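Visitor: Provided below: entry.txt, containing compact mmCIF, C-alpha atoms and all ligand atoms.
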```txt
# COMPACT_ATOMS: atom_id res chain seq x y z
CA TYR A 1 -25.77 172.08 -53.89
CA LYS A 2 -23.98 172.39 -57.19
CA ASN A 3 -21.08 174.23 -55.55
CA PHE A 4 -21.14 171.88 -52.57
CA PHE A 5 -20.70 168.78 -54.74
CA LYS A 6 -17.93 170.50 -56.65
CA GLY A 7 -16.19 171.02 -53.33
CA LEU A 8 -16.40 174.82 -53.66
CA ALA A 9 -18.82 175.53 -50.84
CA LYS A 10 -20.02 174.24 -47.50
CA TYR A 11 -23.12 172.09 -47.16
CA PRO A 12 -26.09 174.38 -47.89
CA THR A 13 -28.28 175.48 -45.00
CA ALA A 14 -31.84 176.75 -45.07
CA ARG A 15 -32.40 180.46 -45.00
CA LYS A 16 -33.52 181.75 -41.63
CA LYS A 17 -35.00 184.94 -40.28
CA GLY A 18 -32.49 187.73 -39.87
CA ARG A 19 -30.16 186.49 -42.55
CA ASP A 20 -30.59 187.37 -46.18
CA ASP A 21 -34.24 188.29 -45.55
CA ARG A 22 -36.31 188.33 -48.70
CA PHE A 23 -39.58 187.17 -50.16
CA GLY A 24 -41.27 187.26 -53.52
CA LEU A 25 -44.74 188.41 -54.50
CA SER A 26 -46.61 187.55 -57.66
CA ASN A 27 -48.48 190.37 -59.38
CA ASP A 28 -51.84 189.41 -57.85
CA GLN A 29 -50.42 189.80 -54.34
CA PHE A 30 -49.45 193.44 -54.43
CA ALA A 31 -50.40 196.79 -55.93
CA ILE A 32 -48.51 199.96 -56.65
CA LYS A 33 -49.96 203.44 -56.56
CA ALA A 34 -47.63 206.42 -57.08
CA LYS A 35 -45.07 206.15 -54.29
CA SER A 36 -46.78 203.39 -52.33
CA ILE A 37 -46.92 199.64 -52.49
CA ARG A 38 -49.53 197.40 -50.91
CA ILE A 39 -47.99 194.36 -49.27
CA PRO A 40 -50.03 191.44 -47.87
CA ASN A 41 -50.45 191.63 -44.08
CA LEU A 42 -48.76 195.02 -44.02
CA GLY A 43 -50.96 197.34 -46.06
CA TRP A 44 -49.74 200.37 -47.91
CA VAL A 45 -46.05 201.09 -47.47
CA ARG A 46 -44.31 204.25 -48.64
CA MET A 47 -41.54 203.90 -51.20
CA LYS A 48 -38.59 206.22 -51.67
CA GLU A 49 -39.42 206.77 -55.34
CA PRO A 50 -42.23 205.90 -57.74
CA LEU A 51 -41.90 203.06 -60.22
CA ARG A 52 -39.88 204.33 -63.14
CA PHE A 53 -41.31 202.07 -65.84
CA ASP A 54 -44.68 201.81 -67.53
CA GLY A 55 -45.79 198.37 -68.49
CA LYS A 56 -47.21 195.14 -67.22
CA ILE A 57 -46.12 194.49 -63.64
CA MET A 58 -44.96 190.89 -63.38
CA SER A 59 -43.66 190.34 -59.87
CA ALA A 60 -41.84 191.90 -56.96
CA THR A 61 -39.09 190.84 -54.61
CA ILE A 62 -38.77 192.43 -51.21
CA SER A 63 -35.39 192.17 -49.57
CA LYS A 64 -33.42 193.59 -46.70
CA ARG A 65 -29.95 194.96 -47.29
CA GLY A 66 -27.88 196.77 -44.74
CA GLY A 67 -30.82 197.14 -42.39
CA LYS A 68 -33.00 198.69 -45.08
CA TRP A 69 -35.87 197.22 -47.04
CA PHE A 70 -35.90 197.26 -50.82
CA VAL A 71 -38.45 196.25 -53.38
CA SER A 72 -37.50 195.26 -56.85
CA VAL A 73 -40.34 195.17 -59.35
CA ALA A 74 -40.23 193.28 -62.63
CA VAL A 75 -42.03 195.16 -65.38
CA GLU A 76 -42.60 193.93 -68.91
CA ILE A 77 -41.90 196.78 -71.31
CA ASP A 78 -41.69 197.13 -75.07
CA ASP A 79 -38.29 196.57 -76.60
CA THR A 80 -36.94 200.06 -76.76
CA ILE A 81 -34.35 200.18 -79.45
CA LYS A 82 -31.99 202.93 -78.49
CA LYS A 83 -30.34 204.97 -81.16
CA VAL A 84 -26.91 203.47 -81.64
CA VAL A 85 -24.19 206.09 -81.51
CA ARG A 86 -21.15 204.81 -83.36
CA THR A 87 -17.74 206.22 -82.57
CA GLY A 88 -15.67 204.06 -84.91
CA LYS A 89 -13.28 203.31 -82.06
CA ILE A 90 -12.01 199.95 -80.85
CA VAL A 91 -10.12 199.21 -77.67
CA GLY A 92 -8.33 196.43 -75.82
CA ILE A 93 -8.94 196.30 -72.07
CA ASP A 94 -6.55 194.69 -69.62
CA LEU A 95 -7.98 193.94 -66.21
CA GLY A 96 -4.95 194.51 -64.06
CA ILE A 97 -4.24 194.18 -60.40
CA THR A 98 -2.70 197.55 -59.63
CA ASP A 99 -4.99 199.57 -61.87
CA LEU A 100 -8.43 198.25 -62.52
CA LEU A 101 -8.25 198.82 -66.23
CA VAL A 102 -5.56 199.65 -68.71
CA LEU A 103 -6.79 200.50 -72.19
CA SER A 104 -4.78 199.91 -75.34
CA ASP A 105 -4.79 203.67 -75.97
CA GLY A 106 -2.79 204.10 -72.78
CA THR A 107 -5.62 205.24 -70.48
CA LYS A 108 -5.46 203.87 -66.97
CA ILE A 109 -8.68 203.79 -65.01
CA LYS A 110 -8.31 203.51 -61.27
CA ALA A 111 -11.15 202.03 -59.33
CA PRO A 112 -11.84 202.53 -55.66
CA LYS A 113 -11.04 199.54 -53.50
CA PRO A 114 -13.80 199.83 -50.92
CA LEU A 115 -13.01 196.52 -49.25
CA LYS A 116 -9.38 197.37 -48.69
CA THR A 117 -10.10 200.78 -47.21
CA ASN A 118 -12.86 199.45 -44.97
CA LEU A 119 -11.16 196.23 -43.93
CA LYS A 120 -10.05 197.54 -40.54
CA ARG A 121 -13.55 198.73 -39.67
CA LEU A 122 -14.98 195.46 -40.99
CA ARG A 123 -12.72 193.41 -38.72
CA GLN A 124 -13.56 195.67 -35.80
CA LEU A 125 -17.30 195.24 -36.26
CA ASN A 126 -16.92 191.50 -36.66
CA LYS A 127 -15.06 191.36 -33.37
CA VAL A 128 -17.71 193.43 -31.63
CA LEU A 129 -20.41 191.16 -32.98
CA SER A 130 -18.67 187.98 -31.86
CA ARG A 131 -18.53 189.28 -28.29
CA LYS A 132 -22.25 189.97 -28.02
CA LYS A 133 -24.46 187.45 -26.30
CA LYS A 134 -26.47 185.23 -28.60
CA ASP A 135 -30.05 186.33 -29.30
CA SER A 136 -29.50 189.63 -27.47
CA LYS A 137 -30.70 193.06 -28.57
CA ASN A 138 -27.14 194.32 -28.69
CA ARG A 139 -26.15 191.48 -30.96
CA GLU A 140 -28.96 192.48 -33.28
CA LYS A 141 -27.65 196.06 -33.30
CA ALA A 142 -24.09 194.98 -34.00
CA LYS A 143 -25.33 192.80 -36.82
CA THR A 144 -27.14 195.72 -38.44
CA LYS A 145 -24.03 197.87 -38.18
CA LEU A 146 -21.97 195.19 -39.88
CA SER A 147 -24.46 194.63 -42.66
CA ARG A 148 -24.67 198.40 -43.24
CA LEU A 149 -20.93 198.47 -43.82
CA HIS A 150 -21.13 195.49 -46.19
CA TYR A 151 -23.90 197.28 -48.01
CA LYS A 152 -21.88 200.48 -48.24
CA ILE A 153 -18.88 198.60 -49.65
CA ARG A 154 -21.10 196.96 -52.23
CA CYS A 155 -22.65 200.28 -53.22
CA ILE A 156 -19.27 201.97 -53.75
CA ARG A 157 -18.09 199.07 -55.90
CA GLN A 158 -21.27 198.87 -57.95
CA ASP A 159 -21.37 202.61 -58.50
CA SER A 160 -17.83 202.84 -59.83
CA LEU A 161 -18.23 199.76 -62.03
CA HIS A 162 -21.43 201.14 -63.53
CA LYS A 163 -19.76 204.45 -64.33
CA ILE A 164 -16.75 202.76 -65.92
CA THR A 165 -18.72 200.28 -68.03
CA SER A 166 -21.17 202.96 -69.21
CA ASP A 167 -18.31 205.24 -70.25
CA LEU A 168 -16.57 202.42 -72.15
CA VAL A 169 -19.68 201.39 -74.05
CA LYS A 170 -20.32 205.01 -74.96
CA ALA A 171 -16.76 205.65 -76.14
CA PHE A 172 -16.04 202.47 -78.11
CA ASP A 173 -17.80 200.33 -80.70
CA VAL A 174 -15.73 197.21 -80.12
CA MET A 175 -14.20 196.28 -76.78
CA ALA A 176 -11.78 193.39 -76.40
CA ILE A 177 -11.33 191.77 -73.00
CA GLU A 178 -9.63 188.75 -71.57
CA ASP A 179 -11.73 185.72 -70.84
CA LEU A 180 -10.43 185.63 -67.29
CA ASN A 181 -10.50 182.51 -65.24
CA VAL A 182 -11.64 184.43 -62.19
CA LYS A 183 -12.38 181.28 -60.22
CA GLY A 184 -8.84 180.01 -60.69
CA MET A 185 -7.40 183.38 -59.79
CA VAL A 186 -9.48 183.74 -56.67
CA LYS A 187 -7.99 180.46 -55.46
CA ASN A 188 -4.66 182.25 -55.20
CA ARG A 189 -5.23 183.75 -51.75
CA ARG A 190 -2.81 186.61 -52.10
CA LEU A 191 -4.62 187.77 -55.19
CA SER A 192 -8.11 186.81 -54.20
CA ARG A 193 -9.04 189.81 -52.11
CA ALA A 194 -7.72 192.30 -54.64
CA ILE A 195 -9.59 190.55 -57.42
CA SER A 196 -12.93 190.20 -55.74
CA ASP A 197 -12.54 193.77 -54.53
CA LEU A 198 -12.31 194.97 -58.08
CA GLY A 199 -15.26 192.86 -59.15
CA PHE A 200 -13.91 191.56 -62.44
CA PHE A 201 -16.80 189.22 -62.94
CA GLU A 202 -19.33 191.96 -62.36
CA PHE A 203 -17.36 194.24 -64.67
CA LYS A 204 -17.61 191.75 -67.49
CA ARG A 205 -21.31 191.15 -66.87
CA GLN A 206 -22.11 194.86 -67.00
CA LEU A 207 -19.94 195.50 -70.03
CA ILE A 208 -21.61 192.73 -72.02
CA TYR A 209 -25.20 193.64 -71.20
CA LYS A 210 -24.64 197.34 -71.79
CA ALA A 211 -22.88 196.64 -75.09
CA ASN A 212 -25.84 194.50 -76.17
CA GLU A 213 -28.25 197.29 -75.30
CA GLN A 214 -26.27 199.81 -77.35
CA GLY A 215 -25.52 197.56 -80.30
CA LYS A 216 -21.82 197.47 -79.45
CA THR A 217 -19.52 194.44 -79.50
CA VAL A 218 -17.49 192.75 -76.78
CA LYS A 219 -14.81 190.37 -78.02
CA SER A 220 -12.55 188.21 -75.92
CA VAL A 221 -9.26 186.36 -76.08
CA GLY A 222 -8.99 182.87 -74.65
CA ARG A 223 -7.91 182.52 -71.08
CA PHE A 224 -4.76 180.67 -72.06
CA TYR A 225 -3.49 183.33 -74.42
CA PRO A 226 -0.39 184.83 -72.73
CA SER A 227 -1.37 188.50 -73.12
CA SER A 228 1.13 189.71 -70.52
CA LYS A 229 4.09 187.63 -71.66
CA THR A 230 3.84 188.30 -75.37
CA CYS A 231 5.69 191.25 -76.88
CA SER A 232 3.10 193.33 -78.73
CA ASN A 233 5.84 194.57 -81.06
CA CYS A 234 7.51 191.36 -82.28
CA ASN A 235 5.36 188.57 -80.77
CA HIS A 236 8.26 187.16 -78.78
CA ILE A 237 6.90 185.17 -75.83
CA LEU A 238 8.72 185.32 -72.50
CA GLY A 239 9.67 182.11 -70.75
CA LYS A 240 7.83 180.72 -67.78
CA ASP A 241 9.74 182.53 -65.04
CA GLU A 242 10.77 185.65 -66.94
CA LEU A 243 7.77 187.74 -65.91
CA THR A 244 6.76 187.68 -62.27
CA LEU A 245 3.62 189.31 -60.90
CA LYS A 246 5.74 192.01 -59.29
CA MET A 247 7.29 193.18 -62.56
CA ARG A 248 5.34 196.17 -63.84
CA ASP A 249 7.71 196.88 -66.78
CA TRP A 250 9.88 194.67 -68.93
CA ILE A 251 12.18 194.87 -71.92
CA CYS A 252 11.68 192.46 -74.79
CA PRO A 253 14.88 190.38 -75.14
CA SER A 254 14.20 190.01 -78.84
CA CYS A 255 13.39 193.54 -80.08
CA GLN A 256 14.44 195.59 -77.00
CA THR A 257 11.07 197.35 -76.75
CA LYS A 258 10.30 198.56 -73.24
CA HIS A 259 6.82 197.55 -72.17
CA ASP A 260 4.44 198.66 -69.47
CA ARG A 261 3.08 195.30 -68.40
CA ASP A 262 -0.62 196.16 -68.52
CA LEU A 263 -0.51 198.42 -71.55
CA ASN A 264 1.32 195.73 -73.53
CA ALA A 265 -1.30 193.20 -72.45
CA SER A 266 -4.19 195.43 -73.50
CA ILE A 267 -2.65 195.93 -76.97
CA ASN A 268 -2.29 192.17 -77.32
CA ILE A 269 -5.87 191.67 -76.24
CA LEU A 270 -7.05 194.15 -78.86
CA ASN A 271 -5.00 192.47 -81.61
CA ASN A 272 -5.99 188.91 -80.76
CA ALA A 273 -9.62 189.06 -79.70
CA THR A 274 -12.13 187.30 -81.88
ZN ZN B 301 9.67 192.19 -78.90
```
Step by step, read the file and then write its structure as structure tokens.
Guide:
Amino acid sequence: YKNFFKGLAKYPTARKKGRDDRFGLSNDQFAIKAKSIRIPNLGWVRMKEPLRFDGKIMSATISKRGGKWFVSVAVEIDDTIKKVVRTGKIVGIDLGITDLLVLSDGTKIKAPKPLKTNLKRLRQLNKVLSRKKKDSKNREKAKTKLSRLHYKIRCIRQDSLHKITSDLVKAFDVMAIEDLNVKGMVKNRRLSRAISDLGFFEFKRQLIYKANEQGKTVKSVGRFYPSSKTCSNCNHILGKDELTLKMRDWICPSCQTKHDRDLNASINILNNAT
């Protein structure tokens, strides 16, 4: 409703069977023994792996993703304070469009773009689905195929983001990022697919929670700070139309330094984050 009243989403509809299937269980409604879980009305169901945490079981959520059933169990555990491994290194991170990340030390980290590579197949499956008769078995099958692909795309994205954020938190003590206005950027349709494909928002979320776990720091620069347009050498700021999205390199008219767009931005982010 919140998004609906803001004009960002359609009028909300009730969840129905077959779409976004999930239900919650409180801890008196289920039991877990080794690799099995007892679910009301179903009995003991095998799980792929045993519960990995010891502690008080609080609740469980059972959900269907990509035609498969998952259970997520909330367990209350003691605060485990991990040994903080300091590296003494700080870094500025620019979330670019061509490369996922450009670090102020010059490293470029490419991320897979699962949506882009699977877009053709996605469109194909959508078309197949739309041609199936409503409430038919074949429609059900087509739906499962489509949701499997969505699930696969999500898995690829999550996996690469987790690897990247874990590596960053391990390698650096302080990480500076831009406080991106993702919502505003996603409104630009040409950019929107690339941006949501890279999962900037999810990147930031993971980076912050992992940094907190490891006793590391994430700093940010305000979203209005012109990190791309400012010369990291002499602080000259380019005019409004002097740097287009297409320009990957530029030469500072004031000090003649040649800049890689994203690297320059990441250095600025590092120097200006608070
Ligand atoms: Zn300059």
Visitor: Measuring between all atoms listed in the file, which one of A:Lys10, A:Lys64, A:Lys116, A:Lys127 shows the shortest distance to Tyr151 of chain A?
Guide: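 Among A:Lys10, A:Lys64, A:Lys116, A:Lys127, it is A:Lys64 that comes nearest to Tyr151 of chain A.
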Visitor: Would you give me, as a tab-separated table, each residue of chain A having an atom within 7 Å of an atom of ligand ZN 301 (chain B), along with its shortest atom pair and that distance in Å to one decimal, using all atoms listed in the file and sorting by chain and residue number?
Guide:
```
residue	atom	partner	partner_atom	distance
A:Cys231	CA	B:ZN301	ZN	4.6
A:Ser232	CA	B:ZN301	ZN	6.7
A:Asn233	CA	B:ZN301	ZN	5.0
A:Cys234	CA	B:ZN301	ZN	4.1
A:Asn235	CA	B:ZN301	ZN	5.9
A:His236	CA	B:ZN301	ZN	5.2
A:Cys252	CA	B:ZN301	ZN	4.6
A:Pro253	CA	B:ZN301	ZN	6.7
A:Ser254	CA	B:ZN301	ZN	5.0
A:Cys255	CA	B:ZN301	ZN	4.1
A:Gln256	CA	B:ZN301	ZN	6.2
A:Thr257	CA	B:ZN301	ZN	5.8
```
Visitor: Pick out the closest residue to Asn268 of chain A from this set: A:Lys240, A:Lys89, A:Lys229, A:Lys163. Count all atoms listed in the file.
Guide: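 Under the stated criterion, the closest residue is A:Lys229.
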Visitor: Measure the distance from atom CA of Ile177 of chain A to atom CA of Asp94 of chain A in Å and round it to one decimal.
Guide: 6.5 Å
Visitor: What separation in Å, quoted to one decimal, exists between atom CA of Glu178 of chain A and atom CA of Ser220 of chain A?
Guide: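 Atom CA of Glu178 of chain A sits 5.3 Å away from atom CA of Ser220 of chain A.
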Visitor: Taking into account all atoms listed in the file, which residue in the set A:Ile237, A:Met175, A:Cys155, A:Met58 is nearest to Ser104 of chain A?
Guide: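 Under the stated criterion, the closest residue is A:Met175.
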Visitor: Would you mind exporting segment 68-174 of chain A with C-alpha atoms, as a PDB file, in the first residue's frame?
Guide:
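The resulting file, out-v3.pdb, is reproduced below:
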```pdb
ATOM      1  CA  LYS A  68      11.221 -26.121  -5.421  1.00  0.00           C
ATOM      2  CA  TRP A  69      10.280 -25.921  -1.772  1.00  0.00           C
ATOM      3  CA  PHE A  70      12.536 -24.245   0.750  1.00  0.00           C
ATOM      4  CA  VAL A  71      12.399 -23.905   4.488  1.00  0.00           C
ATOM      5  CA  SER A  72      14.096 -21.107   6.286  1.00  0.00           C
ATOM      6  CA  VAL A  73      14.470 -21.564  10.022  1.00  0.00           C
ATOM      7  CA  ALA A  74      15.101 -18.742  12.464  1.00  0.00           C
ATOM      8  CA  VAL A  75      17.425 -19.815  15.262  1.00  0.00           C
ATOM      9  CA  GLU A  76      18.430 -17.715  18.240  1.00  0.00           C
ATOM     10  CA  ILE A  77      22.157 -18.131  18.818  1.00  0.00           C
ATOM     11  CA  ASP A  78      24.707 -16.536  21.106  1.00  0.00           C
ATOM     12  CA  ASP A  79      26.454 -13.486  19.759  1.00  0.00           C
ATOM     13  CA  THR A  80      29.546 -14.972  18.261  1.00  0.00           C
ATOM     14  CA  ILE A  81      32.172 -12.318  18.151  1.00  0.00           C
ATOM     15  CA  LYS A  82      34.441 -13.226  15.304  1.00  0.00           C
ATOM     16  CA  LYS A  83      38.096 -12.420  15.516  1.00  0.00           C
ATOM     17  CA  VAL A  84      38.557  -9.185  13.621  1.00  0.00           C
ATOM     18  CA  VAL A  85      41.350  -9.423  11.087  1.00  0.00           C
ATOM     19  CA  ARG A  86      42.643  -5.950  10.353  1.00  0.00           C
ATOM     20  CA  THR A  87      44.431  -5.261   7.102  1.00  0.00           C
ATOM     21  CA  GLY A  88      45.030  -1.538   7.547  1.00  0.00           C
ATOM     22  CA  LYS A  89      43.672  -0.930   4.055  1.00  0.00           C
ATOM     23  CA  ILE A  90      41.015   1.521   2.939  1.00  0.00           C
ATOM     24  CA  VAL A  91      39.288   1.686  -0.414  1.00  0.00           C
ATOM     25  CA  GLY A  92      36.853   3.758  -2.446  1.00  0.00           C
ATOM     26  CA  ILE A  93      34.312   1.796  -4.468  1.00  0.00           C
ATOM     27  CA  ASP A  94      32.575   3.151  -7.542  1.00  0.00           C
ATOM     28  CA  LEU A  95      29.497   1.284  -8.639  1.00  0.00           C
ATOM     29  CA  GLY A  96      29.735   1.694 -12.371  1.00  0.00           C
ATOM     30  CA  ILE A  97      27.584   0.666 -15.254  1.00  0.00           C
ATOM     31  CA  THR A  98      30.114  -1.053 -17.487  1.00  0.00           C
ATOM     32  CA  ASP A  99      32.057  -2.734 -14.703  1.00  0.00           C
ATOM     33  CA  LEU A 100      30.232  -3.559 -11.546  1.00  0.00           C
ATOM     34  CA  LEU A 101      32.907  -2.151  -9.308  1.00  0.00           C
ATOM     35  CA  VAL A 102      35.956  -0.013  -9.755  1.00  0.00           C
ATOM     36  CA  LEU A 103      38.183   0.272  -6.707  1.00  0.00           C
ATOM     37  CA  SER A 104      40.358   3.276  -5.966  1.00  0.00           C
ATOM     38  CA  ASP A 105      43.427   1.019  -6.213  1.00  0.00           C
ATOM     39  CA  GLY A 106      42.578   0.455  -9.863  1.00  0.00           C
ATOM     40  CA  THR A 107      40.997  -3.003  -9.545  1.00  0.00           C
ATOM     41  CA  LYS A 108      37.989  -3.588 -11.746  1.00  0.00           C
ATOM     42  CA  ILE A 109      35.592  -6.303 -10.706  1.00  0.00           C
ATOM     43  CA  LYS A 110      33.306  -7.594 -13.409  1.00  0.00           C
ATOM     44  CA  ALA A 111      30.058  -9.135 -12.376  1.00  0.00           C
ATOM     45  CA  PRO A 112      27.987 -11.544 -14.404  1.00  0.00           C
ATOM     46  CA  LYS A 113      24.857 -10.048 -15.882  1.00  0.00           C
ATOM     47  CA  PRO A 114      22.525 -13.014 -15.655  1.00  0.00           C
ATOM     48  CA  LEU A 115      19.452 -11.093 -16.740  1.00  0.00           C
ATOM     49  CA  LYS A 116      21.053  -9.791 -19.893  1.00  0.00           C
ATOM     50  CA  THR A 117      22.357 -13.179 -20.977  1.00  0.00           C
ATOM     51  CA  ASN A 118      19.071 -14.917 -20.229  1.00  0.00           C
ATOM     52  CA  LEU A 119      16.764 -12.226 -21.564  1.00  0.00           C
ATOM     53  CA  LYS A 120      16.101 -14.004 -24.858  1.00  0.00           C
ATOM     54  CA  ARG A 121      15.151 -17.238 -23.117  1.00  0.00           C
ATOM     55  CA  LEU A 122      13.070 -15.279 -20.618  1.00  0.00           C
ATOM     56  CA  ARG A 123      11.078 -13.608 -23.399  1.00  0.00           C
ATOM     57  CA  GLN A 124      10.664 -16.941 -25.135  1.00  0.00           C
ATOM     58  CA  LEU A 125       9.259 -18.633 -22.040  1.00  0.00           C
ATOM     59  CA  ASN A 126       6.948 -15.708 -21.378  1.00  0.00           C
ATOM     60  CA  LYS A 127       5.579 -16.018 -24.885  1.00  0.00           C
ATOM     61  CA  VAL A 128       5.064 -19.757 -24.496  1.00  0.00           C
ATOM     62  CA  LEU A 129       3.255 -19.189 -21.232  1.00  0.00           C
ATOM     63  CA  SER A 130       0.942 -16.540 -22.664  1.00  0.00           C
ATOM     64  CA  ARG A 131      -0.191 -18.957 -25.378  1.00  0.00           C
ATOM     65  CA  LYS A 132      -1.217 -21.708 -22.985  1.00  0.00           C
ATOM     66  CA  LYS A 133      -4.852 -22.093 -22.069  1.00  0.00           C
ATOM     67  CA  LYS A 134      -5.822 -20.726 -18.686  1.00  0.00           C
ATOM     68  CA  ASP A 135      -5.921 -23.245 -15.820  1.00  0.00           C
ATOM     69  CA  SER A 136      -4.444 -25.968 -18.042  1.00  0.00           C
ATOM     70  CA  LYS A 137      -1.768 -28.481 -17.050  1.00  0.00           C
ATOM     71  CA  ASN A 138       0.510 -27.190 -19.778  1.00  0.00           C
ATOM     72  CA  ARG A 139       0.188 -23.675 -18.477  1.00  0.00           C
ATOM     73  CA  GLU A 140       1.252 -24.938 -15.080  1.00  0.00           C
ATOM     74  CA  LYS A 141       4.310 -26.574 -16.662  1.00  0.00           C
ATOM     75  CA  ALA A 142       5.247 -23.444 -18.579  1.00  0.00           C
ATOM     76  CA  LYS A 143       4.901 -21.428 -15.409  1.00  0.00           C
ATOM     77  CA  THR A 144       7.290 -23.713 -13.548  1.00  0.00           C
ATOM     78  CA  LYS A 145       9.821 -23.454 -16.365  1.00  0.00           C
ATOM     79  CA  LEU A 146       9.660 -19.678 -16.242  1.00  0.00           C
ATOM     80  CA  SER A 147       9.996 -19.498 -12.488  1.00  0.00           C
ATOM     81  CA  ARG A 148      12.966 -21.893 -12.635  1.00  0.00           C
ATOM     82  CA  LEU A 149      14.731 -19.500 -14.964  1.00  0.00           C
ATOM     83  CA  HIS A 150      13.921 -16.529 -12.710  1.00  0.00           C
ATOM     84  CA  TYR A 151      15.276 -18.522  -9.811  1.00  0.00           C
ATOM     85  CA  LYS A 152      18.446 -19.390 -11.702  1.00  0.00           C
ATOM     86  CA  ILE A 153      19.032 -15.734 -12.593  1.00  0.00           C
ATOM     87  CA  ARG A 154      18.569 -14.763  -8.978  1.00  0.00           C
ATOM     88  CA  CYS A 155      20.976 -17.450  -7.796  1.00  0.00           C
ATOM     89  CA  ILE A 156      23.738 -16.375 -10.191  1.00  0.00           C
ATOM     90  CA  ARG A 157      23.363 -12.759  -9.102  1.00  0.00           C
ATOM     91  CA  GLN A 158      23.277 -13.550  -5.392  1.00  0.00           C
ATOM     92  CA  ASP A 159      26.239 -15.877  -5.628  1.00  0.00           C
ATOM     93  CA  SER A 160      28.496 -13.358  -7.346  1.00  0.00           C
ATOM     94  CA  LEU A 161      27.442 -10.525  -5.044  1.00  0.00           C
ATOM     95  CA  HIS A 162      28.152 -12.642  -1.973  1.00  0.00           C
ATOM     96  CA  LYS A 163      31.610 -13.524  -3.251  1.00  0.00           C
ATOM     97  CA  ILE A 164      32.439  -9.908  -4.063  1.00  0.00           C
ATOM     98  CA  THR A 165      31.190  -8.437  -0.787  1.00  0.00           C
ATOM     99  CA  SER A 166      32.918 -11.131   1.286  1.00  0.00           C
ATOM    100  CA  ASP A 167      36.216 -10.521  -0.507  1.00  0.00           C
ATOM    101  CA  LEU A 168      35.958  -6.756   0.007  1.00  0.00           C
ATOM    102  CA  VAL A 169      35.214  -7.012   3.712  1.00  0.00           C
ATOM    103  CA  LYS A 170      38.112  -9.408   4.119  1.00  0.00           C
ATOM    104  CA  ALA A 171      40.567  -7.223   2.216  1.00  0.00           C
ATOM    105  CA  PHE A 172      39.719  -3.767   3.576  1.00  0.00           C
ATOM    106  CA  ASP A 173      39.080  -2.179   6.962  1.00  0.00           C
ATOM    107  CA  VAL A 174      37.251   0.867   5.638  1.00  0.00           C
TER     108      VAL A 174
END
```
